[in-house]
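The structure appears below as structure tokens.
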Amino acid sequence: MACSPPTSIAPWWAPSSLGLELTVRNPYVPHVADERRAMCDVIGVASADDLFADLPAHLRDPRIELPPPMAEAELLRHYRALAARTADALAVPCFLGGPLQRHAVPAVTAYVLGRGEFSTAYTPYQPEIAQGTLQAAFEFQSAVAELTGMDVANAGMYDGPSALAEACLMAAAVTGRRRVVLDEGVDPVAADVVRTYASGHQLQVETARAADADLAGAAALAVQYPDVLGQVRPLAPLAARAHAAGALVCASADPVALALLQPPGEAGADIVVGEGGPLAAPPTFGGPNLGLFACRKELVRQMPGRIVGATVDARGRRGFVLTLQTREQHIRRERATSNICTAQQLLATGFAVTLALLGPAGLRELAETCYQRAHALAARIATLPGWSVASEPPFFHEFAVAGPLPPRAVNARLWEHGIVGGRPLVWRGTEVLVLSVTELNPPDQLDALVAALTEPRS
């Protein structure tokens, strides 16, 4: 890391190789020795090594024990062997829910996402050559706005938890207040992300029951719909309490559940976010994800991310452009609402394709299937000795159970039967197991789960 000059690279075709007086720099080391020396002088260090002096010596340049090199065929066999050690959540009975649910993604969606014009496209800064990408984003926004019952939606966020965090920051900017209240039913993963974002903005984050939380002076009340136990609680009374205290309501909603439930916008929510990844692509090592973000039109100028608008050109033809660009790249940094850079445009396109393929009736049928199977399984588990359902009705397709064994012990037993169990969670001081049931859990998988829970303990 010393301030030494990079090694020059001079291929046969370089001018210096042809006898010309020209030095070719290594293109991957942009600064020569003099430039690096000047930077060290300005900073006030003798070398770049001094910048890392606070790190223990054994961590600065650790030796990496790599195996011997492999030929391509050998490497592929090695990777396949590693992959075989990992259970495929789409190939085995799986009841693990949480932030990423399992849903069947249509083959057409995967085909569209594999097309070069979508899979390689980046930010559509030049509308004259990016109309397809812009229209796809516009269709996505329209679908999200209709689904959530909100006036306007953006072109997508990184994921559901970060979208909720951005919503809380947006509420603080709108209200000028520095306190955020999270309902106890907000997923712990999302709650941690909100706290992380809030810490950089000196916001106070509290967790309480939304029905009796102290909202005086709060910028936002954040609720999950349905909550982390799958429970569906009316939003309208909570929104009325929040608005009476001058706070905004940020609702994190399951887009599939919205096919059956009252849209948050109709219930009084000011900002609606959600996780849309499961309708665009299957989960892969915890992702990829897609954050949904929508709000009332009065708040649109404070909304983070990109917004695609429809317009007409000089000839009267319909076209699409980026509008109300509030990133620090486009306006003065102190006025920026967010620094979100690469929106999940590929997954946003997949989300829009899936919704277009399902249509309103198909999405409702999907939601009804999840609901009916979840309630059928819950009813059967409730009859087992020592087992009870901890989620209060109504609930959607997730519900919590408590049994004679700790949740992790239950999951270990289920895995002995080739079943991926639920999500261990602590709810109001009690350990529960949250089970997720979707259209990918046919009746025979429900039978297998009940049989495994019924098996006598050794």
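Residue names in the structure tokens use chain letters A, B, ... in the order shown, residue numbers from 1 in each chain, and ligand numbers from 1 in the order shown.
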Neighbours of segment 303-320 of chain A within 6 Å (only C-alpha atoms; same-chain residues fewer than 4 positions away dropped), as a list of chain:residue names?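 Here the qualifying residues turn out to be A:Leu134, A:Phe138, A:Asn154, A:Ala155, A:Thr337, A:Ser338, A:Ile340.
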Within 8 Å of segment 92-105 of chain A, counting only C-alpha atoms, which residues qualify if same-chain residues fewer than 2 places away don't, as a PDB file with N, CA and C atoms, in the first residue's frame?
ATOM      1  N   ALA A  87     -30.514 -27.275   0.349  1.00  0.00           N
ATOM      2  CA  ALA A  87     -31.890 -27.629   0.020  1.00  0.00           C
ATOM      3  C   ALA A  87     -32.510 -26.559  -0.861  1.00  0.00           C
ATOM      4  N   ASP A  88     -33.196 -26.982  -1.901  1.00  0.00           N
ATOM      5  CA  ASP A  88     -33.909 -26.070  -2.796  1.00  0.00           C
ATOM      6  C   ASP A  88     -35.296 -25.827  -2.223  1.00  0.00           C
ATOM      7  N   ALA A  89     -35.559 -24.581  -1.822  1.00  0.00           N
ATOM      8  CA  ALA A  89     -36.829 -24.261  -1.180  1.00  0.00           C
ATOM      9  C   ALA A  89     -38.019 -24.461  -2.114  1.00  0.00           C
ATOM     10  N   LEU A  90     -37.770 -24.575  -3.415  1.00  0.00           N
ATOM     11  CA  LEU A  90     -38.861 -24.808  -4.362  1.00  0.00           C
ATOM     12  C   LEU A  90     -39.032 -26.290  -4.665  1.00  0.00           C
ATOM     13  N   ALA A 107     -43.600 -18.684 -16.070  1.00  0.00           N
ATOM     14  CA  ALA A 107     -42.474 -18.879 -16.982  1.00  0.00           C
ATOM     15  C   ALA A 107     -42.327 -17.692 -17.934  1.00  0.00           C
ATOM     16  N   THR A 109     -42.768 -14.613 -17.214  1.00  0.00           N
ATOM     17  CA  THR A 109     -42.029 -13.563 -16.508  1.00  0.00           C
ATOM     18  C   THR A 109     -40.531 -13.797 -16.622  1.00  0.00           C
ATOM     19  N   ALA A 110     -40.108 -15.044 -16.373  1.00  0.00           N
ATOM     20  CA  ALA A 110     -38.687 -15.363 -16.480  1.00  0.00           C
ATOM     21  C   ALA A 110     -38.179 -15.148 -17.900  1.00  0.00           C
ATOM     22  N   GLY A 160     -38.146  -4.342   0.511  1.00  0.00           N
ATOM     23  CA  GLY A 160     -39.211  -3.886   1.388  1.00  0.00           C
ATOM     24  C   GLY A 160     -38.728  -3.200   2.651  1.00  0.00           C
ATOM     25  N   ASP A 187     -42.021  -6.429  11.117  1.00  0.00           N
ATOM     26  CA  ASP A 187     -41.031  -7.488  11.083  1.00  0.00           C
ATOM     27  C   ASP A 187     -39.718  -7.013  11.712  1.00  0.00           C
ATOM     28  N   VAL A 189     -36.700  -7.731  11.087  1.00  0.00           N
ATOM     29  CA  VAL A 189     -35.691  -7.394  10.088  1.00  0.00           C
ATOM     30  C   VAL A 189     -35.910  -5.975   9.580  1.00  0.00           C
ATOM     31  N   VAL A 228     -46.350  -9.269  11.414  1.00  0.00           N
ATOM     32  CA  VAL A 228     -45.333 -10.312  11.363  1.00  0.00           C
ATOM     33  C   VAL A 228     -45.902 -11.687  11.716  1.00  0.00           C
ATOM     34  N   GLU A 275     -42.781  -5.494  -0.211  1.00  0.00           N
ATOM     35  CA  GLU A 275     -41.775  -6.337  -0.846  1.00  0.00           C
ATOM     36  C   GLU A 275     -42.411  -7.020  -2.053  1.00  0.00           C
ATOM     37  N   GLY A 277     -40.480  -8.649  -4.554  1.00  0.00           N
ATOM     38  CA  GLY A 277     -39.598  -9.634  -5.162  1.00  0.00           C
ATOM     39  C   GLY A 277     -40.205 -10.992  -5.418  1.00  0.00           C
ATOM     40  N   PRO A 278     -40.985 -11.561  -4.472  1.00  0.00           N
ATOM     41  CA  PRO A 278     -41.534 -12.908  -4.672  1.00  0.00           C
ATOM     42  C   PRO A 278     -42.440 -13.048  -5.889  1.00  0.00           C
ATOM     43  N   LEU A 279     -43.000 -11.961  -6.395  1.00  0.00           N
ATOM     44  CA  LEU A 279     -43.838 -12.044  -7.590  1.00  0.00           C
ATOM     45  C   LEU A 279     -43.034 -11.823  -8.866  1.00  0.00           C
ATOM     46  N   ALA A 280     -41.738 -11.572  -8.726  1.00  0.00           N
ATOM     47  CA  ALA A 280     -40.902 -11.310  -9.896  1.00  0.00           C
ATOM     48  C   ALA A 280     -39.873 -12.396 -10.140  1.00  0.00           C
ATOM     49  N   ALA A 281     -39.386 -13.039  -9.067  1.00  0.00           N
ATOM     50  CA  ALA A 281     -38.340 -14.046  -9.203  1.00  0.00           C
ATOM     51  C   ALA A 281     -38.331 -14.904  -7.951  1.00  0.00           C
ATOM     52  N   PRO A 282     -37.913 -16.157  -8.064  1.00  0.00           N
ATOM     53  CA  PRO A 282     -37.842 -17.015  -6.880  1.00  0.00           C
ATOM     54  C   PRO A 282     -36.734 -16.552  -5.956  1.00  0.00           C
ATOM     55  N   PRO A 283     -36.853 -16.805  -4.646  1.00  0.00           N
ATOM     56  CA  PRO A 283     -35.803 -16.388  -3.717  1.00  0.00           C
ATOM     57  C   PRO A 283     -34.517 -17.166  -3.955  1.00  0.00           C
ATOM     58  N   GLY A 286     -31.681 -15.564  -0.210  1.00  0.00           N
ATOM     59  CA  GLY A 286     -32.212 -14.389   0.470  1.00  0.00           C
ATOM     60  C   GLY A 286     -32.586 -13.233  -0.435  1.00  0.00           C
ATOM     61  N   GLY A 287     -32.579 -13.407  -1.703  1.00  0.00           N
ATOM     62  CA  GLY A 287     -32.945 -12.347  -2.631  1.00  0.00           C
ATOM     63  C   GLY A 287     -33.204 -12.932  -3.995  1.00  0.00           C
ATOM     64  N   THR A 354     -45.871 -10.235 -14.105  1.00  0.00           N
ATOM     65  CA  THR A 354     -46.658 -11.214 -13.349  1.00  0.00           C
ATOM     66  C   THR A 354     -48.059 -10.705 -13.061  1.00  0.00           C
ATOM     67  N   GLU A 398     -49.802 -16.393   6.794  1.00  0.00           N
ATOM     68  CA  GLU A 398     -48.841 -16.714   7.841  1.00  0.00           C
ATOM     69  C   GLU A 398     -49.569 -16.751   9.171  1.00  0.00           C
ATOM     70  N   GLY A 418     -37.533 -34.121   5.894  1.00  0.00           N
ATOM     71  CA  GLY A 418     -37.339 -33.421   4.634  1.00  0.00           C
ATOM     72  C   GLY A 418     -38.207 -32.197   4.467  1.00  0.00           C
ATOM     73  N   ILE A 419     -38.637 -31.612   5.578  1.00  0.00           N
ATOM     74  CA  ILE A 419     -39.524 -30.445   5.542  1.00  0.00           C
ATOM     75  C   ILE A 419     -38.793 -29.240   6.126  1.00  0.00           C
ATOM     76  N   VAL A 420     -38.783 -28.128   5.402  1.00  0.00           N
ATOM     77  CA  VAL A 420     -38.250 -26.873   5.924  1.00  0.00           C
ATOM     78  C   VAL A 420     -39.349 -26.231   6.759  1.00  0.00           C
ATOM     79  N   GLY A 421     -39.065 -26.039   8.031  1.00  0.00           N
ATOM     80  CA  GLY A 421     -40.084 -25.545   8.947  1.00  0.00           C
ATOM     81  C   GLY A 421     -40.318 -24.054   8.852  1.00  0.00           C
ATOM     82  N   GLY A 422     -40.814 -23.502   9.941  1.00  0.00           N
ATOM     83  CA  GLY A 422     -41.185 -22.091   9.942  1.00  0.00           C
ATOM     84  C   GLY A 422     -40.099 -21.203  10.506  1.00  0.00           C
ATOM     85  N   ARG A 423     -40.494 -20.020  10.885  1.00  0.00           N
ATOM     86  CA  ARG A 423     -39.563 -18.981  11.354  1.00  0.00           C
ATOM     87  C   ARG A 423     -39.693 -18.816  12.854  1.00  0.00           C
ATOM     88  N   VAL A 434     -43.541 -19.249  13.295  1.00  0.00           N
ATOM     89  CA  VAL A 434     -44.405 -18.656  12.270  1.00  0.00           C
ATOM     90  C   VAL A 434     -44.319 -19.504  11.008  1.00  0.00           C
ATOM     91  N   LEU A 435     -45.456 -20.043  10.590  1.00  0.00           N
ATOM     92  CA  LEU A 435     -45.546 -20.877   9.401  1.00  0.00           C
ATOM     93  C   LEU A 435     -46.155 -20.078   8.264  1.00  0.00           C
ATOM     94  N   SER A 436     -45.607 -20.248   7.081  1.00  0.00           N
ATOM     95  CA  SER A 436     -46.108 -19.574   5.880  1.00  0.00           C
ATOM     96  C   SER A 436     -46.650 -20.621   4.924  1.00  0.00           C
ATOM     97  N   VAL A 437     -47.864 -20.401   4.429  1.00  0.00           N
ATOM     98  CA  VAL A 437     -48.501 -21.325   3.497  1.00  0.00           C
ATOM     99  C   VAL A 437     -48.901 -20.543   2.250  1.00  0.00           C
ATOM    100  N   THR A 438     -48.414 -20.978   1.103  1.00  0.00           N
ATOM    101  CA  THR A 438     -48.756 -20.320  -0.159  1.00  0.00           C
ATOM    102  C   THR A 438     -49.299 -21.352  -1.143  1.00  0.00           C
ATOM    103  N   GLU A 439     -49.507 -20.902  -2.368  1.00  0.00           N
ATOM    104  CA  GLU A 439     -49.984 -21.822  -3.411  1.00  0.00           C
ATOM    105  C   GLU A 439     -48.974 -22.903  -3.735  1.00  0.00           C
ATOM    106  N   LEU A 440     -47.726 -22.736  -3.285  1.00  0.00           N
ATOM    107  CA  LEU A 440     -46.693 -23.740  -3.520  1.00  0.00           C
ATOM    108  C   LEU A 440     -46.693 -24.834  -2.462  1.00  0.00           C
ATOM    109  N   ASN A 441     -47.653 -24.793  -1.540  1.00  0.00           N
ATOM    110  CA  ASN A 441     -47.810 -25.840  -0.536  1.00  0.00           C
ATOM    111  C   ASN A 441     -49.113 -26.597  -0.801  1.00  0.00           C
ATOM    112  N   GLN A 445     -48.422 -31.664   1.163  1.00  0.00           N
ATOM    113  CA  GLN A 445     -47.389 -31.093   2.026  1.00  0.00           C
ATOM    114  C   GLN A 445     -47.973 -30.708   3.390  1.00  0.00           C
TER     115      GLN A 445
END
Just give me the gap between atom CA of Thr123 of chain A and atom CA of Val300 of chain A in Å, one decimal is fine.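 These atoms are spaced 20.6 Å apart.
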So that I can check the surroundings of Gly276 of chain A, please list as a ChimeraX atom specification every protein, DNA and RNA residue that reaches within 10 Å of it, counting only C-alpha atoms and ignoring chain neighbours fewer than 2 positions away. /A:100-101,144,156-157,159-160,253-256,273-274,278-281,288-292,347-348,350-352
Distance query segment 374-376 of chain A at most 6 Å, only C-alpha atoms, self and fewer than 3 positions along chain excluded, as a PDB file with C-alpha atoms, in the first residue's frame:
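Just written: result.pdb:
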ATOM      1  CA  TYR A 371     -55.601 -17.874   2.734  1.00  0.00           C
ATOM      2  CA  ALA A 379     -57.255 -25.601  12.132  1.00  0.00           C
ATOM      3  CA  HIS A 397     -51.241 -16.887   4.891  1.00  0.00           C
ATOM      4  CA  VAL A 437     -48.501 -21.325   3.497  1.00  0.00           C
TER       5      VAL A 437
END
Run DSSP on the backbone and give me the residues of segment 31-275 of chain A it puts in helix (DSSP H, G or I), as a PyMOL selection string. chain A and resi 33-43+48-52+57-60+72-84+107-113+116-119+127-129+131-148+160-175+188-199+210-212+235-244+257-259
Given only C-alpha atoms as the basis, pick out the residue of A:Ala452, A:Leu215, A:Ser391, A:Thr196 nearest to Trp415 of chain A.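 Of the candidates, the smallest distance to Trp415 of chain A is held by A:Ala452.
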Tell me which of A:Leu446, A:Leu229, A:Leu238, A:Val432 sits closest to Val401 of chain A, counting only C-alpha atoms.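 When distances to Val401 of chain A are compared using only C-alpha atoms, the smallest one comes from A:Val432.
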Could you tell me how far atom CA of Cys168 of chain A sits from atom CA of Gln202 of chain A, in Å to one decimal place?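 Distance between the two atoms: 12.3 Å.
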Coordinates-based distance that separates atom CA of Ala257 of chain A from atom CA of Leu366 of chain A (Å, one decimal): 9.3 Å
Using only C-alpha atoms, pick whichever of A:Ala378, A:Val42, A:Leu384, A:Ala198 has the shortest atom-to-atom distance to Phe396 of chain A. A:Ala378
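The closest residue to Val174 of chain A, picked from A:Leu299, A:Ala71, A:Phe140, A:Pro226 and counting only C-alpha atoms, is A:Leu299.
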Output as a ChimeraX atom specification all residues of segment 238-358 of chain A that backbone DSSP marks as strand (DSSP E or B). /A:248-253,271-275,284,287,291-295,307-312,318-323,327,338
Residues from last step as file, N, CA and C atoms, as a tab-separated table (two decimals), in the first residue's frame:
chain	number	residue	atom	x	y	z
A	248	LEU	N	-47.76	10.94	10.18
A	248	LEU	CA	-48.10	10.24	8.96
A	248	LEU	C	-48.14	8.74	9.22
A	249	VAL	N	-48.89	8.03	8.40
A	249	VAL	CA	-49.00	6.57	8.52
A	249	VAL	C	-48.22	5.92	7.40
A	250	CYS	N	-47.23	5.10	7.76
A	250	CYS	CA	-46.44	4.34	6.79
A	250	CYS	C	-46.84	2.88	6.93
A	251	ALA	N	-47.45	2.34	5.90
A	251	ALA	CA	-47.92	0.95	5.94
A	251	ALA	C	-47.05	0.07	5.05
A	252	SER	N	-46.53	-1.01	5.63
A	252	SER	CA	-45.77	-2.00	4.87
A	252	SER	C	-46.72	-3.14	4.55
A	253	ALA	N	-47.10	-3.27	3.29
A	253	ALA	CA	-48.17	-4.19	2.90
A	253	ALA	C	-47.67	-5.33	2.03
A	271	ILE	N	-48.22	6.77	3.21
A	271	ILE	CA	-47.15	6.15	2.43
A	271	ILE	C	-47.32	4.64	2.55
A	272	VAL	N	-47.24	3.94	1.43
A	272	VAL	CA	-47.37	2.48	1.42
A	272	VAL	C	-46.14	1.88	0.77
A	273	VAL	N	-45.53	0.94	1.44
A	273	VAL	CA	-44.36	0.25	0.91
A	273	VAL	C	-44.65	-1.25	0.93
A	274	GLY	N	-43.71	-2.02	0.41
A	274	GLY	CA	-43.90	-3.47	0.42
A	274	GLY	C	-42.73	-4.18	-0.25
A	275	GLU	N	-42.78	-5.49	-0.21
A	275	GLU	CA	-41.78	-6.34	-0.85
A	275	GLU	C	-42.41	-7.02	-2.05
A	284	THR	N	-33.40	-16.46	-3.95
A	284	THR	CA	-32.09	-17.07	-4.18
A	284	THR	C	-31.14	-16.55	-3.12
A	287	GLY	N	-32.58	-13.41	-1.70
A	287	GLY	CA	-32.94	-12.35	-2.63
A	287	GLY	C	-33.20	-12.93	-3.99
A	291	GLY	N	-38.34	-3.32	-3.68
A	291	GLY	CA	-39.12	-2.50	-2.78
A	291	GLY	C	-40.21	-1.73	-3.52
A	292	LEU	N	-41.42	-1.79	-2.99
A	292	LEU	CA	-42.55	-1.01	-3.53
A	292	LEU	C	-42.67	0.27	-2.70
A	293	PHE	N	-43.05	1.36	-3.35
A	293	PHE	CA	-43.15	2.64	-2.64
A	293	PHE	C	-44.21	3.50	-3.33
A	294	ALA	N	-45.23	3.88	-2.58
A	294	ALA	CA	-46.29	4.73	-3.11
A	294	ALA	C	-46.73	5.71	-2.03
A	295	CYS	N	-47.32	6.83	-2.46
A	295	CYS	CA	-47.75	7.83	-1.48
A	295	CYS	C	-48.88	8.67	-2.05
A	307	ILE	N	-39.16	8.51	-10.58
A	307	ILE	CA	-40.55	8.49	-11.02
A	307	ILE	C	-40.56	8.66	-12.53
A	308	VAL	N	-41.25	7.79	-13.21
A	308	VAL	CA	-41.39	7.88	-14.66
A	308	VAL	C	-42.75	8.48	-14.97
A	309	GLY	N	-42.76	9.50	-15.81
A	309	GLY	CA	-44.01	10.15	-16.18
A	309	GLY	C	-44.30	9.97	-17.66
A	310	ALA	N	-45.58	10.07	-18.01
A	310	ALA	CA	-46.01	9.99	-19.40
A	310	ALA	C	-46.24	11.39	-19.94
A	311	THR	N	-45.86	11.61	-21.19
A	311	THR	CA	-46.02	12.92	-21.81
A	311	THR	C	-46.24	12.72	-23.30
A	312	VAL	N	-46.19	13.78	-24.05
A	312	VAL	CA	-46.28	13.70	-25.52
A	312	VAL	C	-45.14	14.50	-26.11
A	318	ARG	N	-47.22	9.74	-27.73
A	318	ARG	CA	-47.03	9.46	-26.31
A	318	ARG	C	-45.59	9.01	-26.05
A	319	GLY	N	-45.02	9.51	-24.97
A	319	GLY	CA	-43.66	9.14	-24.60
A	319	GLY	C	-43.50	9.13	-23.09
A	320	PHE	N	-42.34	8.64	-22.63
A	320	PHE	CA	-42.09	8.49	-21.20
A	320	PHE	C	-40.74	9.11	-20.85
A	321	VAL	N	-40.69	9.78	-19.69
A	321	VAL	CA	-39.47	10.44	-19.24
A	321	VAL	C	-39.35	10.31	-17.73
A	322	LEU	N	-38.12	10.46	-17.22
A	322	LEU	CA	-37.92	10.58	-15.78
A	322	LEU	C	-38.36	11.98	-15.35
A	323	THR	N	-39.09	12.05	-14.25
A	323	THR	CA	-39.60	13.34	-13.80
A	323	THR	C	-39.44	13.47	-12.30
A	327	ARG	N	-32.93	12.97	-6.52
A	327	ARG	CA	-31.68	12.41	-6.02
A	327	ARG	C	-30.60	13.49	-5.95
A	338	SER	N	-33.19	11.48	-1.23
A	338	SER	CA	-32.60	10.15	-1.06
A	338	SER	C	-31.37	10.05	-1.94
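Taking only C-alpha atoms into account, Arg364 of chain A lies nearest to A:Leu258 out of the set A:Glu206, A:Leu258, A:Ala136, A:Asp183.
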Counting only C-alpha atoms, which of A:Ala53, A:Leu164, A:Ala400, A:Ala130 gets nearest to Gly230 of chain A?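 Going through A:Ala53, A:Leu164, A:Ala400, A:Ala130 one by one, the smallest distance to Gly230 of chain A is for A:Ala400.
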Polymer residues at most 9 Å from segment 263-267 of chain A, only C-alpha atoms, same-chain spacing of 3 or more positions, as a PyMOL selection string: chain A and resi 146-151+225+234-237+239+251+253+258-260+270-272+295-296
Keeping only N, CA and C atoms, write the selected residues to a file as a PDB file, in the first residue's frame.
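Saved to result25.pdb:
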ATOM      1  N   GLU A 146     -52.349   1.280  -8.205  1.00  0.00           N
ATOM      2  CA  GLU A 146     -53.699   0.691  -8.184  1.00  0.00           C
ATOM      3  C   GLU A 146     -53.827  -0.328  -7.058  1.00  0.00           C
ATOM      4  N   LEU A 147     -52.790  -1.138  -6.859  1.00  0.00           N
ATOM      5  CA  LEU A 147     -52.834  -2.196  -5.851  1.00  0.00           C
ATOM      6  C   LEU A 147     -52.893  -1.615  -4.438  1.00  0.00           C
ATOM      7  N   THR A 148     -52.157  -0.547  -4.200  1.00  0.00           N
ATOM      8  CA  THR A 148     -52.089   0.032  -2.859  1.00  0.00           C
ATOM      9  C   THR A 148     -53.171   1.068  -2.590  1.00  0.00           C
ATOM     10  N   GLY A 149     -53.863   1.512  -3.643  1.00  0.00           N
ATOM     11  CA  GLY A 149     -54.868   2.545  -3.474  1.00  0.00           C
ATOM     12  C   GLY A 149     -54.279   3.918  -3.259  1.00  0.00           C
ATOM     13  N   MET A 150     -53.062   4.136  -3.763  1.00  0.00           N
ATOM     14  CA  MET A 150     -52.383   5.415  -3.592  1.00  0.00           C
ATOM     15  C   MET A 150     -52.394   6.205  -4.894  1.00  0.00           C
ATOM     16  N   ASP A 151     -52.014   7.472  -4.805  1.00  0.00           N
ATOM     17  CA  ASP A 151     -52.056   8.349  -5.971  1.00  0.00           C
ATOM     18  C   ASP A 151     -50.878   8.146  -6.911  1.00  0.00           C
ATOM     19  N   TYR A 225     -48.937  -4.794   7.350  1.00  0.00           N
ATOM     20  CA  TYR A 225     -50.302  -5.138   6.954  1.00  0.00           C
ATOM     21  C   TYR A 225     -50.275  -6.239   5.892  1.00  0.00           C
ATOM     22  N   PRO A 234     -57.464  -3.732  11.301  1.00  0.00           N
ATOM     23  CA  PRO A 234     -57.958  -2.578  10.526  1.00  0.00           C
ATOM     24  C   PRO A 234     -56.999  -1.400  10.614  1.00  0.00           C
ATOM     25  N   LEU A 235     -56.723  -0.813   9.462  1.00  0.00           N
ATOM     26  CA  LEU A 235     -55.810   0.324   9.421  1.00  0.00           C
ATOM     27  C   LEU A 235     -56.497   1.649   9.727  1.00  0.00           C
ATOM     28  N   ALA A 236     -57.765   1.749   9.371  1.00  0.00           N
ATOM     29  CA  ALA A 236     -58.446   3.040   9.489  1.00  0.00           C
ATOM     30  C   ALA A 236     -58.395   3.620  10.904  1.00  0.00           C
ATOM     31  N   PRO A 237     -58.685   2.856  11.968  1.00  0.00           N
ATOM     32  CA  PRO A 237     -58.605   3.451  13.316  1.00  0.00           C
ATOM     33  C   PRO A 237     -57.194   3.905  13.680  1.00  0.00           C
ATOM     34  N   ALA A 239     -54.911   4.897  11.537  1.00  0.00           N
ATOM     35  CA  ALA A 239     -54.632   6.099  10.750  1.00  0.00           C
ATOM     36  C   ALA A 239     -55.294   7.316  11.378  1.00  0.00           C
ATOM     37  N   ALA A 251     -47.449   2.336   5.901  1.00  0.00           N
ATOM     38  CA  ALA A 251     -47.924   0.954   5.942  1.00  0.00           C
ATOM     39  C   ALA A 251     -47.053   0.073   5.054  1.00  0.00           C
ATOM     40  N   ALA A 253     -47.099  -3.271   3.286  1.00  0.00           N
ATOM     41  CA  ALA A 253     -48.171  -4.186   2.898  1.00  0.00           C
ATOM     42  C   ALA A 253     -47.672  -5.329   2.026  1.00  0.00           C
ATOM     43  N   LEU A 258     -53.138  -7.756  -0.616  1.00  0.00           N
ATOM     44  CA  LEU A 258     -53.958  -6.611  -1.025  1.00  0.00           C
ATOM     45  C   LEU A 258     -55.023  -6.993  -2.033  1.00  0.00           C
ATOM     46  N   ALA A 259     -54.916  -8.196  -2.620  1.00  0.00           N
ATOM     47  CA  ALA A 259     -55.979  -8.656  -3.513  1.00  0.00           C
ATOM     48  C   ALA A 259     -57.258  -8.966  -2.734  1.00  0.00           C
ATOM     49  N   LEU A 260     -57.135  -9.198  -1.408  1.00  0.00           N
ATOM     50  CA  LEU A 260     -58.289  -9.506  -0.568  1.00  0.00           C
ATOM     51  C   LEU A 260     -58.612  -8.388   0.413  1.00  0.00           C
ATOM     52  N   ASP A 270     -50.664   7.204   4.442  1.00  0.00           N
ATOM     53  CA  ASP A 270     -50.048   8.290   3.684  1.00  0.00           C
ATOM     54  C   ASP A 270     -48.949   7.776   2.761  1.00  0.00           C
ATOM     55  N   ILE A 271     -48.222   6.768   3.213  1.00  0.00           N
ATOM     56  CA  ILE A 271     -47.152   6.147   2.434  1.00  0.00           C
ATOM     57  C   ILE A 271     -47.323   4.638   2.549  1.00  0.00           C
ATOM     58  N   VAL A 272     -47.236   3.945   1.429  1.00  0.00           N
ATOM     59  CA  VAL A 272     -47.372   2.484   1.422  1.00  0.00           C
ATOM     60  C   VAL A 272     -46.139   1.884   0.770  1.00  0.00           C
ATOM     61  N   CYS A 295     -47.320   6.830  -2.457  1.00  0.00           N
ATOM     62  CA  CYS A 295     -47.745   7.832  -1.482  1.00  0.00           C
ATOM     63  C   CYS A 295     -48.879   8.671  -2.046  1.00  0.00           C
ATOM     64  N   ARG A 296     -49.407   9.563  -1.189  1.00  0.00           N
ATOM     65  CA  ARG A 296     -50.400  10.530  -1.639  1.00  0.00           C
ATOM     66  C   ARG A 296     -49.727  11.581  -2.522  1.00  0.00           C
TER      67      ARG A 296
END
